[in-house]
Amino acid sequence: MTGVELILLLPLIVLSGAAVAVMLAIAVRRNYLAAFLLTLLGFVLTIMAVALSPGGPQRNVTALFVFDDFARFFIGLITGAGLFVAVLAFDYFRQQRGQFEEFFIMLLGATFGCAVLVASRHFASLFLGLEILSVSLYAMIAYSRDREISTEAGLKYLILAGVSAAFLVFGMALVYAQTGALEFSRMPYITASPDEPLDIIVLAGFGMIIVGIGFKLALVPFHLWTPDVYQGAPAPVTAFIATASKGAVFALLLRLFAQTDVAFYPPLYVTFVILAIASMLFGSWLALLQNNMKRILAYSSIAHLGFLLVAFMGRGHIQSTAAAFYLTAYFVTTLGAFGIVSLLSPGERDAEWIEDYRGLFWRRPFVAVVFSVMIFSLAGIPLTGGFVGKVLVILAGEQAAQWALVVVLVTASAISLFYYVRVVGIMYMPAEAGGADRPALPGLSLQGGGALACLTGLLVLLGVYPGPFLDLVRDMVTTVYAGVLPR
Amino acid sequence: MATIPIHYGLLLAALLFVVGLVGVLVRRNILFILMSIEIMLNAAGLAFVVGGARWGRADGQVMVIIILTVAAAEVAVGLALVLRFHGWFKSLDADRASEMRG
Amino acid sequence: MPATVEIAVFWPFFVYFGCVIVLVAGMVGVSYVLGSRHWERATGAPFESGIVTTGSARVGVPANFYLVAMLFVIFDLESVFLFAWAAVVRQVGWTGYVGACVFIVMMAAALVYLWRVGALEGR
């Protein structure tokens with residue numbers, strides 16, 4: 001291990017060190033504010049470490065990690081999401097009874113797992129990162145001790161994530177048994193001879209890996225846990241699952257299949273197309289039937305992962321750029337949407353029913369406007385980041401001649417407009433009738449409001465002036481293909 | 001010394017995996033579901049041992065140790081949740097966990 | 001490799017397996033034939049050093065036992081990594097030493113946390 005490698009590893013070292021530091025701080029003296037501030041410090045130092053680390057392609061550290069620009073970009077993105085979730089959680093848990101200092105250890109741990117995931121180039125680090133993330137998430141989901149559905153959601157997630165991890169690791173074992181490869185770059189590469197059939201065991205192995213990843217991304221046949229877990233988990237945790245956890249796994253998917261390209265072997269390719277179409281259609285359709293804001297956003301996130309898969313299906317720089325841009329816009333938007341749910345939640349329960357939002361504009365104009373911007377971005381309305389992302393994805397699909405996927409994408413977007421408009425509409429209705437039994441809105445804290453304002457600004461910036469960021473993403477994406485055989 | 005063909009080992013691992021999967025799908029007691037997940041993970045471990053033996057390298061066995069550690073962590077959190085679940089519902093029946101629908 | 005050859009190669013396993021079956025069947029069978037039979041009042045009761053049993057076997061176990069078991073499993077498994085390090089301590093050199101030190105420090109930090117939180121009290 002050389003000095004350069006240590007510097008490259010610094011983001012991971014800082015993150016894990018911060019988790020241990022918070023743990024020791026709790027051991028010395030239990031203080032909610034101190035734990036929160038230490039966590040913030042850890043996240044900020046991690047982002048600085050990412051910004052200062054040398055970039056470029058092919059920065060391998062041991063057999064396990066690679067810290068190219070792709071990994072740096074996603075570690076930065078995920079750490080930013082972690083930072084925002086920490087701010088949300090600070091306000092959220094302050095209103096509840098109990099000890100919540102340990103939540104920040106779990107949050108740092110989960111973020112660490114995500115960072116390991118996006119920097120991994122080996123099955124061992126993939127599995128470890130995924131499980132560090134999952135085990136932290138089980139505890140975070142079930143954290144609201146005095147809520148029945150929180151425990152229920154935690155247990156459901158535990159069982160389904162356990163099964164999906166078993167599928168994933170068994171798939172890895174099959175690939176390893178047949179090819180002897182644990183590093184992504186040594187795995188089968190088939191476009192050189194597409195006619196030659198893939199070994200059946202390798203095919204089965206990759207199939208099982210896709211099942212495991214599909215669970216984590218909540219693609220449609222494997223999405224059953226999503227609405228329940230989103231509803232049961234505390235709102236800041238939901239924000240984390242919807243963004244950091246899914247984003248990390250999707251980045252991993254991009255890297256894994258940029259380096260092996262087995263995904264483009266016909267049977268697996270068709271599987272991905274079916275997953276994408278089903279996710280887009282079912283996600284948009286089922287969201288129409290919900291009256292719970294968290295469940296609406298859950299189904300909406302299923303549809304969005306389907307849109308992302310459309311970009312993933314064309315393997316190339318344009319498509320990967322589109323996917324990375326879309327993912328960033330999705331991060332900002334989803335964090336904002338769940339952030340508002342979290343910040344509006346009084347201590348007893350979450351502000352999750354759509355009725356809670358009736359007439360929000362007349363009571364909290366700032367929050368209502370921010371929420372509208374977030375919803376517009378989710379729907380892909382111009383002047384927001386979501387619109388630019390969707391245009392890029394459609395262009396990418398068109399470039400790869402994926403006409404069926406593009407048509408389904410447009411249809412699903414049209415369906416989704418109905419429930420987005422419904423949510424926005426209810427916020428601008430007059431607030432009266434039945435307002436008495438509604439719990440009082442908690443006051444918006446300075447840091448909470450500031451974070452929301454930042455996200456809104458970022459989202460509009462991405463929508464109005466995406467040029468510089470797009471260049472950044474394009475340069476970043478090229479590093480993930482570095483060292484891969486030419487097509 | 002003759003070696004056992006690799007496919008036998010993989011077949012055994014696959015059978016174990018299916019036993020675990022069926023257990024998860026059929027059992028209603030949460031403890032047994034957790035045990036079935038352990039069986040599935042250990043089946044993957046067995047497949048890694050078979051692979052390691054085939055290629056004559058240690059990395060398959062390293063993966064087994066990692067799987068064991070992860071499984072222990074998962075069970076630690078899982079059992080804590082089971083205790084809490086029992087406190088809420090006074091039962092370990094997974095079908096009782098149906099507060100949320102839709 | 002054809003199946004017949006394999007059976008030829010692995011015959012000691014089959015012999016061993018057969019021996020185990022014969023031994024167990026023999027022990028059970030012989031004691032069945034030679035053993036005495038009686039049906040008294042206490043024949044069906046479990047034998048506990050001559051003391052009459054009280055209560056049911058299905059008693060609630062305090063959750064503290066779960067805690068102890070979990071601590072054991074976690075810290076027990078961590079030692080596996082140290083054994084793996086011990087096996088190759090000369091090859092991995094100082095890098096491995098530093099790695100193991102980091103690992104042990106993390107374990108110690110976790111232990112300090114558990115101690116301060118009161119998880120080791122065993123109330």
# chains A, B, ... in the order shown; residues from 1 in each chain; ligands from 1
call {"tool": "interface_residues", "arguments": {"of": "chain B", "to": "chain A", "cutoff": "8 Å", "atoms": "only C-alpha atoms", "output": "number ranges by chain"}}
result
B: 10, 21, 33-34, 37, 40-41, 43-45, 47-48, 50-52, 54-55, 63, 66, 70, 73-74, 77-78, 81-82, 84-85, 88, 97-102
call {"tool": "interface_residues", "arguments": {"of": "chain C", "to": "chain B", "cutoff": "9 Å", "atoms": "only C-alpha atoms", "output": "JSON, numbers by chain"}}
result
{"C": [1, 6, 9, 10, 63, 66, 67, 70, 71, 73, 74, 77, 78, 80, 81]}
call {"tool": "write_last_selection", "arguments": {"atoms": "N, CA and C atoms", "output": "PDB file, in the first residue's frame"}}
result
ATOM      1  N   MET C   1     -15.441 -38.078 -15.701  1.00  0.00           N
ATOM      2  CA  MET C   1     -15.116 -39.381 -15.121  1.00  0.00           C
ATOM      3  C   MET C   1     -16.385 -40.213 -14.976  1.00  0.00           C
ATOM      4  N   GLU C   6     -15.841 -43.715 -10.186  1.00  0.00           N
ATOM      5  CA  GLU C   6     -15.905 -42.965  -8.942  1.00  0.00           C
ATOM      6  C   GLU C   6     -16.233 -43.854  -7.775  1.00  0.00           C
ATOM      7  N   VAL C   9     -13.290 -45.556  -6.693  1.00  0.00           N
ATOM      8  CA  VAL C   9     -12.300 -44.732  -5.992  1.00  0.00           C
ATOM      9  C   VAL C   9     -12.755 -44.398  -4.576  1.00  0.00           C
ATOM     10  N   PHE C  10     -14.045 -44.137  -4.437  1.00  0.00           N
ATOM     11  CA  PHE C  10     -14.513 -43.672  -3.134  1.00  0.00           C
ATOM     12  C   PHE C  10     -15.015 -44.808  -2.246  1.00  0.00           C
ATOM     13  N   ALA C  63     -34.471 -12.056  27.819  1.00  0.00           N
ATOM     14  CA  ALA C  63     -33.835 -11.545  26.599  1.00  0.00           C
ATOM     15  C   ALA C  63     -32.340 -11.307  26.792  1.00  0.00           C
ATOM     16  N   TYR C  66     -30.193 -13.638  24.999  1.00  0.00           N
ATOM     17  CA  TYR C  66     -30.035 -13.314  23.587  1.00  0.00           C
ATOM     18  C   TYR C  66     -28.866 -12.352  23.403  1.00  0.00           C
ATOM     19  N   LEU C  67     -28.776 -11.375  24.297  1.00  0.00           N
ATOM     20  CA  LEU C  67     -27.712 -10.374  24.195  1.00  0.00           C
ATOM     21  C   LEU C  67     -26.343 -11.035  24.312  1.00  0.00           C
ATOM     22  N   MET C  70     -25.535 -13.011  21.266  1.00  0.00           N
ATOM     23  CA  MET C  70     -25.197 -12.169  20.118  1.00  0.00           C
ATOM     24  C   MET C  70     -23.781 -11.622  20.253  1.00  0.00           C
ATOM     25  N   LEU C  71     -23.436 -11.163  21.472  1.00  0.00           N
ATOM     26  CA  LEU C  71     -22.071 -10.664  21.698  1.00  0.00           C
ATOM     27  C   LEU C  71     -21.068 -11.758  21.394  1.00  0.00           C
ATOM     28  N   VAL C  73     -21.409 -14.385  19.372  1.00  0.00           N
ATOM     29  CA  VAL C  73     -21.326 -14.678  17.935  1.00  0.00           C
ATOM     30  C   VAL C  73     -20.502 -13.619  17.217  1.00  0.00           C
ATOM     31  N   ILE C  74     -20.762 -12.333  17.520  1.00  0.00           N
ATOM     32  CA  ILE C  74     -20.060 -11.252  16.831  1.00  0.00           C
ATOM     33  C   ILE C  74     -18.559 -11.304  17.128  1.00  0.00           C
ATOM     34  N   LEU C  77     -16.713 -14.374  15.770  1.00  0.00           N
ATOM     35  CA  LEU C  77     -16.424 -14.382  14.333  1.00  0.00           C
ATOM     36  C   LEU C  77     -15.263 -13.453  13.989  1.00  0.00           C
ATOM     37  N   GLU C  78     -15.119 -12.368  14.775  1.00  0.00           N
ATOM     38  CA  GLU C  78     -14.023 -11.450  14.474  1.00  0.00           C
ATOM     39  C   GLU C  78     -12.677 -12.149  14.638  1.00  0.00           C
ATOM     40  N   VAL C  80     -11.917 -14.978  13.753  1.00  0.00           N
ATOM     41  CA  VAL C  80     -11.591 -15.724  12.533  1.00  0.00           C
ATOM     42  C   VAL C  80     -10.614 -14.924  11.665  1.00  0.00           C
ATOM     43  N   PHE C  81     -10.850 -13.610  11.602  1.00  0.00           N
ATOM     44  CA  PHE C  81      -9.978 -12.774  10.758  1.00  0.00           C
ATOM     45  C   PHE C  81      -8.575 -12.710  11.338  1.00  0.00           C
TER      46      PHE C  81
END
call {"tool": "interface_residues", "arguments": {"of": "chain C", "to": "chain A", "cutoff": "8 Å", "atoms": "only C-alpha atoms", "output": "MDAnalysis selection string"}}
result
chainID C and resid 95 106 109:110 112:114 116:117
call {"tool": "residues_around", "arguments": {"residues": "segment 102-112 of chain A", "least_positions_apart": "5", "cutoff": "6 Å", "atoms": "only C-alpha atoms", "output": "PyMOL selection string"}}
result
chain A and resi 15+19+133+136
call {"tool": "residues_around", "arguments": {"residues": "Ile302 of chain A", "least_positions_apart": "5", "cutoff": "7 Å", "atoms": "only C-alpha atoms", "output": "PyMOL selection string"}}
result
chain A and resi 218-219+279+283
call {"tool": "atom_distance", "arguments": {"atom1": "atom CA of Ile426 of chain A", "atom2": "atom CA of Gln96 of chain A"}}
result
28.2 Å
call {"tool": "residues_around", "arguments": {"residues": "Met35 of chain B", "least_positions_apart": "6", "cutoff": "9 Å", "atoms": "only C-alpha atoms", "output": "ChimeraX atom specification"}}
result
/B:20,23-24,75
call {"tool": "atom_distance", "arguments": {"atom1": "atom CA of Pro234 of chain A", "atom2": "atom CA of Val50 of chain A"}}
result
29.1 Å
call {"tool": "decode", "arguments": {"residues": "segment 259-300 of chain A", "atoms": "C-alpha atoms", "output": "mmCIF file, in the first residue's frame"}}
result
data_model
loop_
_atom_site.group_PDB
_atom_site.id
_atom_site.type_symbol
_atom_site.label_atom_id
_atom_site.label_comp_id
_atom_site.auth_asym_id
_atom_site.auth_seq_id
_atom_site.Cartn_x
_atom_site.Cartn_y
_atom_site.Cartn_z
ATOM 1 C CA GLN A 259 -16.652 -3.829 -17.746
ATOM 2 C CA THR A 260 -18.214 -7.164 -18.657
ATOM 3 C CA ASP A 261 -21.021 -6.368 -21.127
ATOM 4 C CA VAL A 262 -22.690 -9.721 -20.437
ATOM 5 C CA ALA A 263 -25.890 -7.690 -20.005
ATOM 6 C CA PHE A 264 -26.012 -7.401 -23.779
ATOM 7 C CA TYR A 265 -26.156 -11.135 -24.321
ATOM 8 C CA PRO A 266 -29.658 -11.563 -25.797
ATOM 9 C CA PRO A 267 -31.456 -13.443 -22.971
ATOM 10 C CA LEU A 268 -30.192 -11.022 -20.331
ATOM 11 C CA TYR A 269 -30.819 -8.041 -22.575
ATOM 12 C CA VAL A 270 -34.446 -9.060 -23.069
ATOM 13 C CA THR A 271 -34.766 -9.483 -19.306
ATOM 14 C CA PHE A 272 -33.591 -5.924 -18.768
ATOM 15 C CA VAL A 273 -35.981 -4.588 -21.399
ATOM 16 C CA ILE A 274 -38.897 -6.375 -19.715
ATOM 17 C CA LEU A 275 -37.845 -5.085 -16.289
ATOM 18 C CA ALA A 276 -37.624 -1.539 -17.637
ATOM 19 C CA ILE A 277 -41.024 -1.624 -19.375
ATOM 20 C CA ALA A 278 -42.769 -3.255 -16.410
ATOM 21 C CA SER A 279 -41.224 -0.800 -13.933
ATOM 22 C CA MET A 280 -42.226 2.241 -15.965
ATOM 23 C CA LEU A 281 -45.810 1.115 -16.579
ATOM 24 C CA PHE A 282 -46.630 -0.460 -13.195
ATOM 25 C CA GLY A 283 -44.889 2.279 -11.243
ATOM 26 C CA SER A 284 -46.887 5.000 -12.979
ATOM 27 C CA TRP A 285 -50.145 3.076 -12.916
ATOM 28 C CA LEU A 286 -50.079 1.989 -9.262
ATOM 29 C CA ALA A 287 -49.135 5.487 -8.077
ATOM 30 C CA LEU A 288 -52.510 6.665 -9.400
ATOM 31 C CA LEU A 289 -54.327 4.492 -6.865
ATOM 32 C CA GLN A 290 -52.592 5.757 -3.723
ATOM 33 C CA ASN A 291 -53.700 8.256 -1.106
ATOM 34 C CA ASN A 292 -50.470 8.172 0.872
ATOM 35 C CA MET A 293 -47.740 10.606 -0.123
ATOM 36 C CA LYS A 294 -44.913 8.210 0.782
ATOM 37 C CA ARG A 295 -46.489 5.432 -1.268
ATOM 38 C CA ILE A 296 -47.052 7.760 -4.228
ATOM 39 C CA LEU A 297 -43.395 8.714 -4.121
ATOM 40 C CA ALA A 298 -42.460 5.025 -3.742
ATOM 41 C CA TYR A 299 -44.253 4.039 -6.936
ATOM 42 C CA SER A 300 -42.920 7.151 -8.627
#
